[in-house]
$ cat run-v3.txt   # compact mmCIF, C-alpha atoms
# COMPACT_ATOMS: atom_id res chain seq x y z
CA MET A 1 -16.30 2.89 -14.01
CA VAL A 2 -13.52 3.82 -11.60
CA PRO A 3 -11.41 6.79 -12.79
CA ALA A 4 -7.79 6.07 -13.64
CA ILE A 5 -4.59 7.89 -12.77
CA LYS A 6 -2.10 8.13 -15.62
CA LEU A 7 1.30 6.96 -14.35
CA ASN A 8 4.59 8.39 -15.59
CA SER A 9 5.26 4.93 -17.03
CA GLY A 10 2.38 5.47 -19.44
CA PHE A 11 -0.04 3.02 -17.84
CA ASP A 12 -3.41 3.75 -16.26
CA MET A 13 -3.91 2.84 -12.59
CA PRO A 14 -7.43 2.66 -11.08
CA GLN A 15 -7.85 5.37 -8.47
CA VAL A 16 -9.77 3.06 -6.15
CA GLY A 17 -8.33 -0.35 -5.40
CA PHE A 18 -8.61 -3.11 -2.83
CA GLY A 19 -5.96 -3.53 -0.11
CA LEU A 20 -4.96 -7.05 0.90
CA TRP A 21 -3.12 -6.37 4.18
CA LYS A 22 -4.62 -8.41 7.04
CA VAL A 23 -6.91 -10.38 4.73
CA ASP A 24 -6.67 -13.84 6.29
CA GLY A 25 -5.52 -16.60 3.97
CA SER A 26 -8.54 -18.70 4.89
CA ILE A 27 -10.90 -16.21 3.23
CA ALA A 28 -8.56 -14.33 0.84
CA SER A 29 -9.59 -16.26 -2.28
CA ASP A 30 -13.28 -15.58 -1.74
CA VAL A 31 -12.66 -11.96 -0.73
CA VAL A 32 -10.72 -11.23 -3.93
CA TYR A 33 -13.25 -13.07 -6.07
CA ASN A 34 -16.16 -11.16 -4.51
CA ALA A 35 -14.30 -7.86 -4.81
CA ILE A 36 -13.82 -8.48 -8.53
CA LYS A 37 -17.54 -9.21 -8.83
CA ALA A 38 -18.24 -5.95 -6.98
CA GLY A 39 -16.19 -4.04 -9.56
CA TYR A 40 -12.67 -3.79 -8.13
CA ARG A 41 -9.83 -4.14 -10.61
CA LEU A 42 -6.77 -3.05 -8.61
CA PHE A 43 -5.52 -5.36 -5.86
CA ASP A 44 -2.69 -4.27 -3.59
CA GLY A 45 -0.72 -7.24 -2.25
CA ALA A 46 2.70 -8.00 -0.81
CA CYS A 47 4.99 -10.85 0.12
CA ASP A 48 4.68 -9.84 3.76
CA TYR A 49 0.90 -10.26 3.78
CA GLY A 50 1.29 -14.03 3.49
CA ASN A 51 -1.79 -14.49 1.31
CA GLU A 52 -0.59 -14.15 -2.28
CA VAL A 53 -1.32 -17.77 -3.22
CA GLU A 54 -4.90 -17.47 -2.01
CA CYS A 55 -5.39 -14.06 -3.62
CA GLY A 56 -4.17 -15.51 -6.90
CA GLN A 57 -6.72 -18.29 -6.59
CA GLY A 58 -9.47 -15.70 -6.32
CA VAL A 59 -8.19 -13.97 -9.45
CA ALA A 60 -7.94 -17.24 -11.35
CA ARG A 61 -11.51 -18.16 -10.43
CA ALA A 62 -12.85 -14.82 -11.66
CA ILE A 63 -10.92 -15.11 -14.92
CA LYS A 64 -12.04 -18.72 -15.47
CA GLU A 65 -15.68 -17.72 -15.00
CA GLY A 66 -15.32 -14.89 -17.52
CA ILE A 67 -16.02 -12.14 -14.99
CA VAL A 68 -12.81 -10.34 -15.89
CA LYS A 69 -9.79 -10.64 -18.17
CA ARG A 70 -6.22 -10.48 -16.89
CA GLU A 71 -5.53 -7.32 -18.88
CA GLU A 72 -8.43 -5.60 -17.10
CA LEU A 73 -6.82 -6.15 -13.69
CA PHE A 74 -4.08 -4.10 -12.05
CA ILE A 75 -2.14 -6.32 -9.65
CA VAL A 76 0.32 -4.72 -7.23
CA SER A 77 2.89 -6.49 -5.09
CA LYS A 78 5.93 -5.51 -3.05
CA LEU A 79 9.55 -6.44 -2.42
CA TRP A 80 10.16 -7.39 1.19
CA ASN A 81 13.14 -6.07 3.16
CA THR A 82 15.08 -9.35 3.18
CA PHE A 83 15.31 -9.42 -0.62
CA HIS A 84 16.97 -6.05 -1.26
CA ASP A 85 20.32 -7.47 -2.39
CA GLY A 86 20.47 -7.01 -6.13
CA ASP A 87 20.73 -10.70 -6.97
CA ARG A 88 17.76 -11.56 -4.74
CA VAL A 89 15.18 -9.31 -6.39
CA GLU A 90 14.36 -11.20 -9.58
CA PRO A 91 14.15 -14.67 -7.97
CA ILE A 92 11.69 -13.51 -5.31
CA VAL A 93 9.58 -11.66 -7.87
CA ARG A 94 9.37 -14.82 -9.92
CA LYS A 95 8.26 -16.72 -6.81
CA GLN A 96 5.63 -14.11 -6.05
CA LEU A 97 4.35 -14.23 -9.62
CA ALA A 98 4.12 -18.01 -9.37
CA ASP A 99 2.20 -17.65 -6.11
CA TRP A 100 -0.26 -15.32 -7.81
CA GLY A 101 -0.39 -17.48 -10.95
CA LEU A 102 0.61 -14.49 -13.07
CA GLU A 103 3.17 -13.73 -15.76
CA TYR A 104 3.66 -10.10 -14.74
CA PHE A 105 2.74 -7.53 -12.11
CA ASP A 106 1.23 -4.23 -13.15
CA LEU A 107 3.13 -2.47 -10.37
CA TYR A 108 5.88 -3.69 -8.05
CA LEU A 109 7.04 -1.61 -5.09
CA ILE A 110 9.90 -1.54 -2.62
CA HIS A 111 7.84 -2.12 0.53
CA PHE A 112 10.09 -0.28 3.00
CA PRO A 113 13.41 1.58 2.60
CA VAL A 114 15.00 -1.05 4.85
CA ALA A 115 17.53 -3.67 3.73
CA LEU A 116 17.68 -6.74 5.97
CA GLU A 117 19.80 -9.86 5.66
CA TYR A 118 18.47 -12.50 3.30
CA VAL A 119 16.26 -15.25 4.68
CA ASP A 120 15.76 -18.14 2.27
CA PRO A 121 12.05 -18.76 1.56
CA SER A 122 12.60 -22.44 2.37
CA VAL A 123 13.54 -21.40 5.91
CA ARG A 124 10.59 -19.08 6.53
CA TYR A 125 8.11 -17.32 4.25
CA PRO A 126 7.08 -14.63 4.59
CA PRO A 127 10.31 -13.95 6.50
CA GLY A 128 9.09 -11.01 8.61
CA TRP A 129 11.35 -8.43 10.20
CA HIS A 130 13.53 -10.66 12.37
CA PHE A 131 16.39 -12.76 11.02
CA ASP A 132 15.79 -15.51 13.58
CA GLY A 133 12.02 -15.19 13.44
CA LYS A 134 12.03 -13.89 17.01
CA SER A 135 13.94 -10.73 17.87
CA GLU A 136 17.18 -10.26 15.91
CA ILE A 137 17.30 -7.38 13.42
CA ARG A 138 20.18 -8.10 11.04
CA PRO A 139 20.80 -5.44 8.36
CA SER A 140 21.95 -6.10 4.83
CA LYS A 141 24.54 -3.88 3.16
CA ALA A 142 22.39 -3.39 0.06
CA THR A 143 21.86 0.24 -0.89
CA ILE A 144 18.63 1.61 -2.31
CA GLN A 145 20.54 2.24 -5.55
CA GLU A 146 21.48 -1.44 -5.79
CA THR A 147 17.91 -2.48 -5.12
CA TRP A 148 16.43 0.06 -7.52
CA THR A 149 18.75 -1.03 -10.33
CA ALA A 150 17.46 -4.57 -9.85
CA MET A 151 13.90 -3.24 -9.83
CA GLU A 152 14.52 -1.53 -13.18
CA SER A 153 15.56 -4.85 -14.66
CA LEU A 154 12.11 -6.23 -13.81
CA VAL A 155 10.59 -3.75 -16.25
CA GLU A 156 13.17 -4.59 -18.89
CA LYS A 157 12.38 -8.30 -18.52
CA GLY A 158 8.62 -7.84 -18.56
CA LEU A 159 8.09 -9.02 -14.98
CA SER A 160 6.47 -5.75 -13.94
CA LYS A 161 5.02 -3.01 -16.11
CA SER A 162 5.71 -0.27 -13.58
CA ILE A 163 7.81 0.05 -10.44
CA GLY A 164 7.58 2.30 -7.42
CA VAL A 165 8.27 2.74 -3.74
CA SER A 166 6.41 2.63 -0.46
CA ASN A 167 7.06 4.31 2.89
CA PHE A 168 9.84 6.52 1.45
CA GLN A 169 10.40 10.00 2.78
CA ALA A 170 11.45 13.12 0.86
CA GLN A 171 15.25 12.98 1.19
CA LEU A 172 15.43 9.38 0.01
CA LEU A 173 13.13 10.08 -2.91
CA TYR A 174 15.31 12.96 -4.04
CA ASP A 175 18.36 10.72 -3.83
CA LEU A 176 16.68 7.93 -5.81
CA LEU A 177 15.65 10.35 -8.56
CA ARG A 178 19.30 11.32 -9.10
CA TYR A 179 20.31 7.90 -10.38
CA ALA A 180 17.04 6.27 -11.47
CA LYS A 181 16.92 5.32 -15.15
CA ILE A 182 13.25 4.46 -14.63
CA ARG A 183 11.54 6.91 -12.30
CA PRO A 184 9.23 5.52 -9.62
CA ALA A 185 5.69 5.54 -10.98
CA THR A 186 4.05 5.63 -7.57
CA LEU A 187 4.70 6.37 -3.91
CA GLN A 188 2.54 4.50 -1.42
CA ILE A 189 2.28 6.08 2.03
CA GLU A 190 0.26 6.05 5.22
CA HIS A 191 -2.17 8.91 4.70
CA HIS A 192 -5.19 9.95 6.73
CA PRO A 193 -6.34 13.15 8.45
CA TYR A 194 -4.06 12.48 11.45
CA LEU A 195 -1.06 12.12 9.07
CA VAL A 196 -1.42 14.33 6.02
CA GLN A 197 2.29 14.64 5.00
CA GLN A 198 1.53 17.60 2.75
CA ASN A 199 5.17 18.42 1.95
CA LEU A 200 5.73 14.85 0.77
CA LEU A 201 2.61 15.09 -1.39
CA ASN A 202 3.92 18.35 -2.85
CA LEU A 203 7.21 16.67 -3.74
CA ALA A 204 5.48 13.75 -5.45
CA LYS A 205 3.27 16.07 -7.47
CA ALA A 206 6.22 18.18 -8.57
CA GLU A 207 8.12 15.07 -9.69
CA GLY A 208 5.19 13.44 -11.47
CA ILE A 209 4.89 10.53 -9.03
CA ALA A 210 1.38 9.25 -8.27
CA VAL A 211 0.54 8.75 -4.59
CA THR A 212 -1.47 5.90 -3.14
CA ALA A 213 -2.84 6.33 0.38
CA TYR A 214 -3.08 3.38 2.73
CA SER A 215 -4.78 3.22 6.14
CA SER A 216 -7.24 5.89 5.05
CA PHE A 217 -9.25 5.48 8.26
CA GLY A 218 -6.33 6.23 10.57
CA PRO A 219 -6.25 4.35 13.89
CA ALA A 220 -9.01 1.93 12.85
CA SER A 221 -6.49 -0.43 11.22
CA PHE A 222 -4.14 -0.46 14.20
CA ARG A 223 -6.25 -0.69 17.36
CA GLU A 224 -5.97 -4.49 17.29
CA PHE A 225 -2.20 -4.18 17.81
CA ASN A 226 -2.79 -2.45 21.16
CA MET A 227 -0.95 0.68 20.06
CA GLU A 228 -1.49 3.16 22.86
CA HIS A 229 -1.90 6.20 20.62
CA ALA A 230 -4.30 4.30 18.33
CA GLN A 231 -6.38 3.36 21.37
CA LYS A 232 -6.49 6.91 22.76
CA LEU A 233 -7.27 8.82 19.58
CA GLN A 234 -10.84 9.50 18.52
CA PRO A 235 -11.65 6.96 15.77
CA LEU A 236 -12.10 8.96 12.58
CA LEU A 237 -15.10 6.89 11.59
CA GLU A 238 -16.81 7.98 14.82
CA ASP A 239 -15.68 11.60 14.86
CA PRO A 240 -18.62 14.04 15.14
CA THR A 241 -17.11 16.46 12.62
CA ILE A 242 -16.57 13.74 10.00
CA LYS A 243 -20.07 12.44 10.64
CA ALA A 244 -21.56 15.93 10.27
CA ILE A 245 -19.79 16.44 6.95
CA GLY A 246 -21.13 13.09 5.80
CA ASP A 247 -24.67 14.08 6.75
CA LYS A 248 -24.40 17.12 4.45
CA TYR A 249 -23.81 14.86 1.46
CA ASN A 250 -25.83 11.84 2.66
CA LYS A 251 -22.60 9.83 2.85
CA ASP A 252 -21.11 7.69 5.60
CA PRO A 253 -17.85 8.68 7.37
CA ALA A 254 -15.80 6.12 5.41
CA GLN A 255 -16.92 7.62 2.11
CA VAL A 256 -16.08 11.12 3.35
CA LEU A 257 -12.55 10.07 4.35
CA LEU A 258 -11.96 8.27 1.07
CA ARG A 259 -13.28 11.20 -0.98
CA TRP A 260 -11.07 13.59 0.98
CA ALA A 261 -8.11 11.65 -0.43
CA THR A 262 -9.31 11.04 -3.99
CA GLN A 263 -10.58 14.58 -4.53
CA ARG A 264 -7.05 15.75 -3.78
CA GLY A 265 -5.66 13.43 -6.47
CA LEU A 266 -4.58 10.40 -4.44
CA ALA A 267 -5.36 6.75 -5.10
CA ILE A 268 -6.87 4.68 -2.28
CA ILE A 269 -6.88 0.98 -1.34
CA PRO A 270 -9.54 0.33 1.32
CA LYS A 271 -10.73 -3.19 2.04
CA SER A 272 -13.68 -5.03 3.51
CA SER A 273 -14.99 -8.58 3.47
CA ARG A 274 -18.58 -7.27 3.47
CA GLU A 275 -20.13 -6.86 0.03
CA ALA A 276 -22.11 -3.75 0.96
CA THR A 277 -18.99 -2.01 2.29
CA MET A 278 -16.98 -3.09 -0.76
CA LYS A 279 -19.50 -1.34 -3.01
CA SER A 280 -19.80 1.69 -0.72
CA ASN A 281 -16.03 2.23 -0.75
CA LEU A 282 -15.86 1.74 -4.50
CA ASN A 283 -18.65 4.27 -5.00
CA SER A 284 -17.09 6.98 -2.87
CA LEU A 285 -16.26 9.12 -5.91
CA ASP A 286 -19.76 10.22 -6.88
CA PHE A 287 -19.78 13.45 -4.87
CA ASP A 288 -17.47 16.39 -4.21
CA LEU A 289 -16.56 17.89 -0.86
CA SER A 290 -16.47 21.65 -0.57
CA GLU A 291 -13.09 23.30 -0.22
CA GLU A 292 -14.10 24.30 3.29
CA ASP A 293 -14.81 20.67 4.21
CA ILE A 294 -11.51 19.53 2.73
CA LYS A 295 -9.67 22.12 4.81
CA THR A 296 -11.59 21.08 7.92
CA ILE A 297 -10.60 17.43 7.47
CA SER A 298 -6.99 18.34 6.67
CA GLY A 299 -6.98 20.35 9.89
CA PHE A 300 -7.05 17.11 11.87
CA ASP A 301 -3.36 16.67 11.01
CA ARG A 302 -1.23 15.83 14.05
CA GLY A 303 1.69 14.10 12.33
CA ILE A 304 0.75 10.81 14.01
CA ARG A 305 2.09 7.71 12.29
CA PHE A 306 0.90 4.21 13.12
CA ASN A 307 2.65 1.95 10.60
CA GLN A 308 6.26 1.94 11.74
CA PRO A 309 8.33 -0.93 13.18
CA THR A 310 8.79 0.66 16.59
CA ASN A 311 5.02 0.59 17.09
CA TYR A 312 4.89 -3.19 16.70
CA PHE A 313 7.99 -4.40 18.53
CA SER A 314 11.19 -3.22 20.18
CA ALA A 315 13.30 -2.01 17.28
CA GLU A 316 16.20 0.12 18.39
CA ASN A 317 17.85 -0.21 14.96
CA LEU A 318 14.81 0.65 12.86
CA TRP A 319 14.01 4.34 13.32
CA ILE A 320 13.18 4.57 9.64
CA PHE A 321 10.87 7.57 9.96
CA GLY A 322 13.19 9.58 12.19
$ encode --input "run-v3.txt" --output "structure tokens"
Amino acid sequence: MVPAIKLNSGFDMPQVGFGLWKVDGSIASDVVYNAIKAGYRLFDGACDYGNEVECGQGVARAIKEGIVKREELFIVSKLWNTFHDGDRVEPIVRKQLADWGLEYFDLYLIHFPVALEYVDPSVRYPPGWHFDGKSEIRPSKATIQETWTAMESLVEKGLSKSIGVSNFQAQLLYDLLRYAKIRPATLQIEHHPYLVQQNLLNLAKAEGIAVTAYSSFGPASFREFNMEHAQKLQPLLEDPTIKAIGDKYNKDPAQVLLRWATQRGLAIIPKSSREATMKSNLNSLDFDLSEEDIKTISGFDRGIRFNQPTNYFSAENLWIFG
């Protein structure tokens, strides 16, 4: 059994889930189905991943075969930037639910604190960052308060049990908490030894907001995008220090990195299409690192962020982590 984190909304969230970013649509159904068979119950999706229909098919197959019940699953999705206008939130959530074949999400997040002009799903879906599908960044005038108010209505209407945010920084979180009638249940952030963000973690803990870490293996998820700093950095999975710590506990480097996060109270959402790795990641909670080892891993911190728009394309108007 995977331990659960009690959210401020009253619901339990599995501490180890399965991330769906970069899971190709051609295999997504089978990957989700096999992950459920391996024991995963939380699946972290998003409009922008472009695979929600296929992921939903994997869920439906597992439910039909009696492997799992809907109420045993914890399905997460996210609001994309082009749907931040208040009147756009509910319609796109209903579309996403239909894509998944679900009546409700367990958790729905604002994907980025970025409001872009609406792109109709009939024109392009997922819409991506650019209004014209090529290079134009066209902002919307929607405020986070407008978007959050619409998010709160999703809870009131039973479309999502909990709501939260992703890629928010401290100042914006403090602002949101001033007017939120429903507090964000979770904060999802890039978190690995090269980007610890300890002050942000301290804020979330003080405010009772659970934190989910994505990209737990650092540059490993981003080397394919030819990011120069991802290419130059020592891959964490190959780092001699991480390997040596793993040898002490008879664990592989991936399990060490995942346990470094979970032992400090964070949720994680690794992924793999390989059954053995699925199970290895899921079973990364059965040992404890020493405090000395935790400090050693945290000492890798260089404040290096990979998942930001300016690392993917020229984005002079999107310095969202400035």
$ closest_residue --input "run-v3.txt" --among "A:Ile245, A:Val2, A:Leu172, A:Val123" --to "A:Thr296" --atoms "all atoms listed in the file"
A:Ile245
$ closest_atom_pairs --input "run-v3.txt" --of "stretch 181-252 of chain A" --to "stretch 143-150 of chain A" --cutoff "10 Å" --atoms "only C-alpha atoms" --output "Markdown table"
| residue | atom | partner | partner_atom | distance |
| --- | --- | --- | --- | --- |
| A:Lys181 | CA | A:Thr149 | CA | 8.2 |
| A:Ile182 | CA | A:Thr149 | CA | 8.9 |
| A:Arg183 | CA | A:Trp148 | CA | 9.7 |
| A:Pro184 | CA | A:Trp148 | CA | 9.3 |
$ closest_residue --input "run-v3.txt" --among "A:Leu285, A:Leu116, A:Ile268, A:Ala315" --to "A:Met1" --atoms "all atoms listed in the file"
A:Leu285
$ atom_distance --input "run-v3.txt" --atom1 "atom CA of A:Lys243" --atom2 "atom CA of A:Tyr194"
16.0 Å
$ closest_residue --input "run-v3.txt" --among "A:Pro126, A:Gly208, A:Ile92, A:Asn81" --to "A:Ile5" --atoms "all atoms listed in the file"
A:Gly208
$ closest_atom_pairs --input "run-v3.txt" --of "stretch 73-173 of chain A" --to "stretch 12-35 of chain A" --cutoff "12 Å" --atoms "all atoms listed in the file" --output "CSV"
residue,atom,partner,partner_atom,distance
A:Leu73,CA,A:Pro14,CA,9.2
A:Phe74,CA,A:Met13,CA,7.0
A:Ile75,CA,A:Gly17,CA,9.6
A:Val76,CA,A:Gly19,CA,9.6
A:Ser77,CA,A:Leu20,CA,9.9
A:Lys78,CA,A:Trp21,CA,11.6
A:Trp100,CA,A:Ser29,CA,10.9
A:Asp106,CA,A:Met13,CA,8.8
A:Leu107,CA,A:Met13,CA,9.1
A:Lys161,CA,A:Asp12,CA,10.8
A:Ser162,CA,A:Met13,CA,10.2
$ closest_residue --input "run-v3.txt" --among "A:Ser290, A:Gln231, A:Asn317, A:Thr277" --to "A:Trp260" --atoms "all atoms listed in the file"
A:Ser290
$ residues_near_point --input "run-v3.txt" --point "(7.0, -8.9, 1.4)" --cutoff "6 Å" --atoms "all atoms listed in the file" --output "NGL selection string"
:A and (46-48 or 78-80)
$ atom_distance --input "run-v3.txt" --atom1 "atom CA of A:Glu65" --atom2 "atom CA of A:Tyr40"
15.8 Å
$ residues_around --input "run-v3.txt" --residues "A:Asn307" --least-positions-apart "2" --cutoff "10 Å" --atoms "all atoms listed in the file" --output "short mmCIF file (atom, residue, chain, number, x, y, z; two decimals) with C-alpha atoms, keeping the file's coordinate frame"
data_model
loop_
_atom_site.label_atom_id
_atom_site.label_comp_id
_atom_site.auth_asym_id
_atom_site.auth_seq_id
_atom_site.Cartn_x
_atom_site.Cartn_y
_atom_site.Cartn_z
CA ASN A 167 7.06 4.31 2.89
CA ILE A 189 2.28 6.08 2.03
CA GLU A 190 0.26 6.05 5.22
CA TYR A 214 -3.08 3.38 2.73
CA SER A 215 -4.78 3.22 6.14
CA GLY A 218 -6.33 6.23 10.57
CA PRO A 219 -6.25 4.35 13.89
CA SER A 221 -6.49 -0.43 11.22
CA PHE A 222 -4.14 -0.46 14.20
CA ILE A 304 0.75 10.81 14.01
CA ARG A 305 2.09 7.71 12.29
CA PRO A 309 8.33 -0.93 13.18
CA THR A 310 8.79 0.66 16.59
CA ASN A 311 5.02 0.59 17.09
CA TYR A 312 4.89 -3.19 16.70
CA PHE A 321 10.87 7.57 9.96
#
$ residues_near_point --input "run-v3.txt" --point "(14.5, -15.8, 9.4)" --cutoff "12 Å" --atoms "all atoms listed in the file" --output "PDB file with C-alpha atoms, in the coordinates of the input"
ATOM      1  CA  ASN A  81      13.140  -6.070   3.160  1.00  0.00           C
ATOM      2  CA  THR A  82      15.080  -9.350   3.180  1.00  0.00           C
ATOM      3  CA  PHE A  83      15.310  -9.420  -0.620  1.00  0.00           C
ATOM      4  CA  LEU A 116      17.680  -6.740   5.970  1.00  0.00           C
ATOM      5  CA  GLU A 117      19.800  -9.860   5.660  1.00  0.00           C
ATOM      6  CA  TYR A 118      18.470 -12.500   3.300  1.00  0.00           C
ATOM      7  CA  VAL A 119      16.260 -15.250   4.680  1.00  0.00           C
ATOM      8  CA  ASP A 120      15.760 -18.140   2.270  1.00  0.00           C
ATOM      9  CA  PRO A 121      12.050 -18.760   1.560  1.00  0.00           C
ATOM     10  CA  SER A 122      12.600 -22.440   2.370  1.00  0.00           C
ATOM     11  CA  VAL A 123      13.540 -21.400   5.910  1.00  0.00           C
ATOM     12  CA  ARG A 124      10.590 -19.080   6.530  1.00  0.00           C
ATOM     13  CA  TYR A 125       8.110 -17.320   4.250  1.00  0.00           C
ATOM     14  CA  PRO A 126       7.080 -14.630   4.590  1.00  0.00           C
ATOM     15  CA  PRO A 127      10.310 -13.950   6.500  1.00  0.00           C
ATOM     16  CA  GLY A 128       9.090 -11.010   8.610  1.00  0.00           C
ATOM     17  CA  TRP A 129      11.350  -8.430  10.200  1.00  0.00           C
ATOM     18  CA  HIS A 130      13.530 -10.660  12.370  1.00  0.00           C
ATOM     19  CA  PHE A 131      16.390 -12.760  11.020  1.00  0.00           C
ATOM     20  CA  ASP A 132      15.790 -15.510  13.580  1.00  0.00           C
ATOM     21  CA  GLY A 133      12.020 -15.190  13.440  1.00  0.00           C
ATOM     22  CA  LYS A 134      12.030 -13.890  17.010  1.00  0.00           C
ATOM     23  CA  SER A 135      13.940 -10.730  17.870  1.00  0.00           C
ATOM     24  CA  GLU A 136      17.180 -10.260  15.910  1.00  0.00           C
ATOM     25  CA  ILE A 137      17.300  -7.380  13.420  1.00  0.00           C
ATOM     26  CA  ARG A 138      20.180  -8.100  11.040  1.00  0.00           C
TER      27      ARG A 138
END
$ closest_residue --input "run-v3.txt" --among "A:Gly164, A:Gly299, A:Gln57, A:Glu238" --to "A:Glu152" --atoms "all atoms listed in the file"
A:Gly164
$ closest_residue --input "run-v3.txt" --among "A:Ser166, A:Ser314, A:Gln188, A:Ser160" --to "A:Val114" --atoms "all atoms listed in the file"
A:Ser166
$ atom_distance --input "run-v3.txt" --atom1 "atom CA of A:Leu7" --atom2 "atom CA of A:Phe217"
25.0 Å
$ residues_around --input "run-v3.txt" --residues "A:Asp239" --least-positions-apart "4" --cutoff "12 Å" --atoms "all atoms listed in the file" --output "number ranges by chain"
A: 193, 217-220, 233-235, 243-246, 252-254, 256-257, 297, 300
$ decode --input "run-v3.txt" --residues "stretch 64-70 of chain A" --atoms "all heavy atoms" --output "short mmCIF file (atom, residue, chain, number, x, y, z; two decimals), in the first residue's frame"
data_model
loop_
_atom_site.label_atom_id
_atom_site.label_comp_id
_atom_site.auth_asym_id
_atom_site.auth_seq_id
_atom_site.Cartn_x
_atom_site.Cartn_y
_atom_site.Cartn_z
N LYS A 64 -13.14 -1.91 -16.20
CA LYS A 64 -14.00 -2.94 -16.81
C LYS A 64 -13.56 -4.33 -16.42
O LYS A 64 -14.39 -5.23 -16.21
CB LYS A 64 -13.98 -2.78 -18.33
CG LYS A 64 -14.90 -3.74 -19.06
CD LYS A 64 -14.89 -3.51 -20.56
CE LYS A 64 -15.82 -4.48 -21.28
NZ LYS A 64 -15.81 -4.26 -22.75
N GLU A 65 -12.25 -4.53 -16.30
CA GLU A 65 -11.72 -5.85 -15.96
C GLU A 65 -11.73 -6.12 -14.45
O GLU A 65 -11.30 -7.18 -14.00
CB GLU A 65 -10.30 -6.01 -16.50
CG GLU A 65 -10.24 -6.03 -18.03
CD GLU A 65 -8.84 -6.25 -18.57
OE1 GLU A 65 -7.92 -6.56 -17.77
OE2 GLU A 65 -8.66 -6.10 -19.79
N GLY A 66 -12.20 -5.14 -13.67
CA GLY A 66 -12.31 -5.34 -12.23
C GLY A 66 -11.00 -5.22 -11.47
O GLY A 66 -10.92 -5.61 -10.30
N ILE A 67 -9.98 -4.66 -12.13
CA ILE A 67 -8.68 -4.49 -11.47
C ILE A 67 -8.76 -3.41 -10.41
O ILE A 67 -8.11 -3.47 -9.36
CB ILE A 67 -7.59 -4.16 -12.50
CG1 ILE A 67 -7.45 -5.30 -13.51
CG2 ILE A 67 -6.25 -3.87 -11.82
CD1 ILE A 67 -6.55 -4.97 -14.69
N VAL A 68 -9.57 -2.39 -10.68
CA VAL A 68 -9.66 -1.24 -9.79
C VAL A 68 -11.06 -0.62 -9.93
O VAL A 68 -11.73 -0.81 -10.96
CB VAL A 68 -8.57 -0.20 -10.15
CG1 VAL A 68 -8.86 0.49 -11.47
CG2 VAL A 68 -8.38 0.82 -9.04
N LYS A 69 -11.48 0.08 -8.90
CA LYS A 69 -12.72 0.84 -8.96
C LYS A 69 -12.39 2.32 -9.12
O LYS A 69 -11.32 2.77 -8.70
CB LYS A 69 -13.53 0.64 -7.68
CG LYS A 69 -13.97 -0.79 -7.43
CD LYS A 69 -14.70 -0.91 -6.11
CE LYS A 69 -15.11 -2.35 -5.83
NZ LYS A 69 -15.78 -2.49 -4.51
N ARG A 70 -13.30 3.08 -9.71
CA ARG A 70 -13.04 4.51 -9.92
C ARG A 70 -12.69 5.20 -8.62
O ARG A 70 -11.76 6.03 -8.57
CB ARG A 70 -14.25 5.20 -10.58
CG ARG A 70 -14.20 6.74 -10.57
CD ARG A 70 -13.03 7.26 -11.39
NE ARG A 70 -12.87 8.69 -11.34
CZ ARG A 70 -12.02 9.33 -10.54
NH1 ARG A 70 -11.27 8.65 -9.69
NH2 ARG A 70 -11.92 10.65 -10.59
#
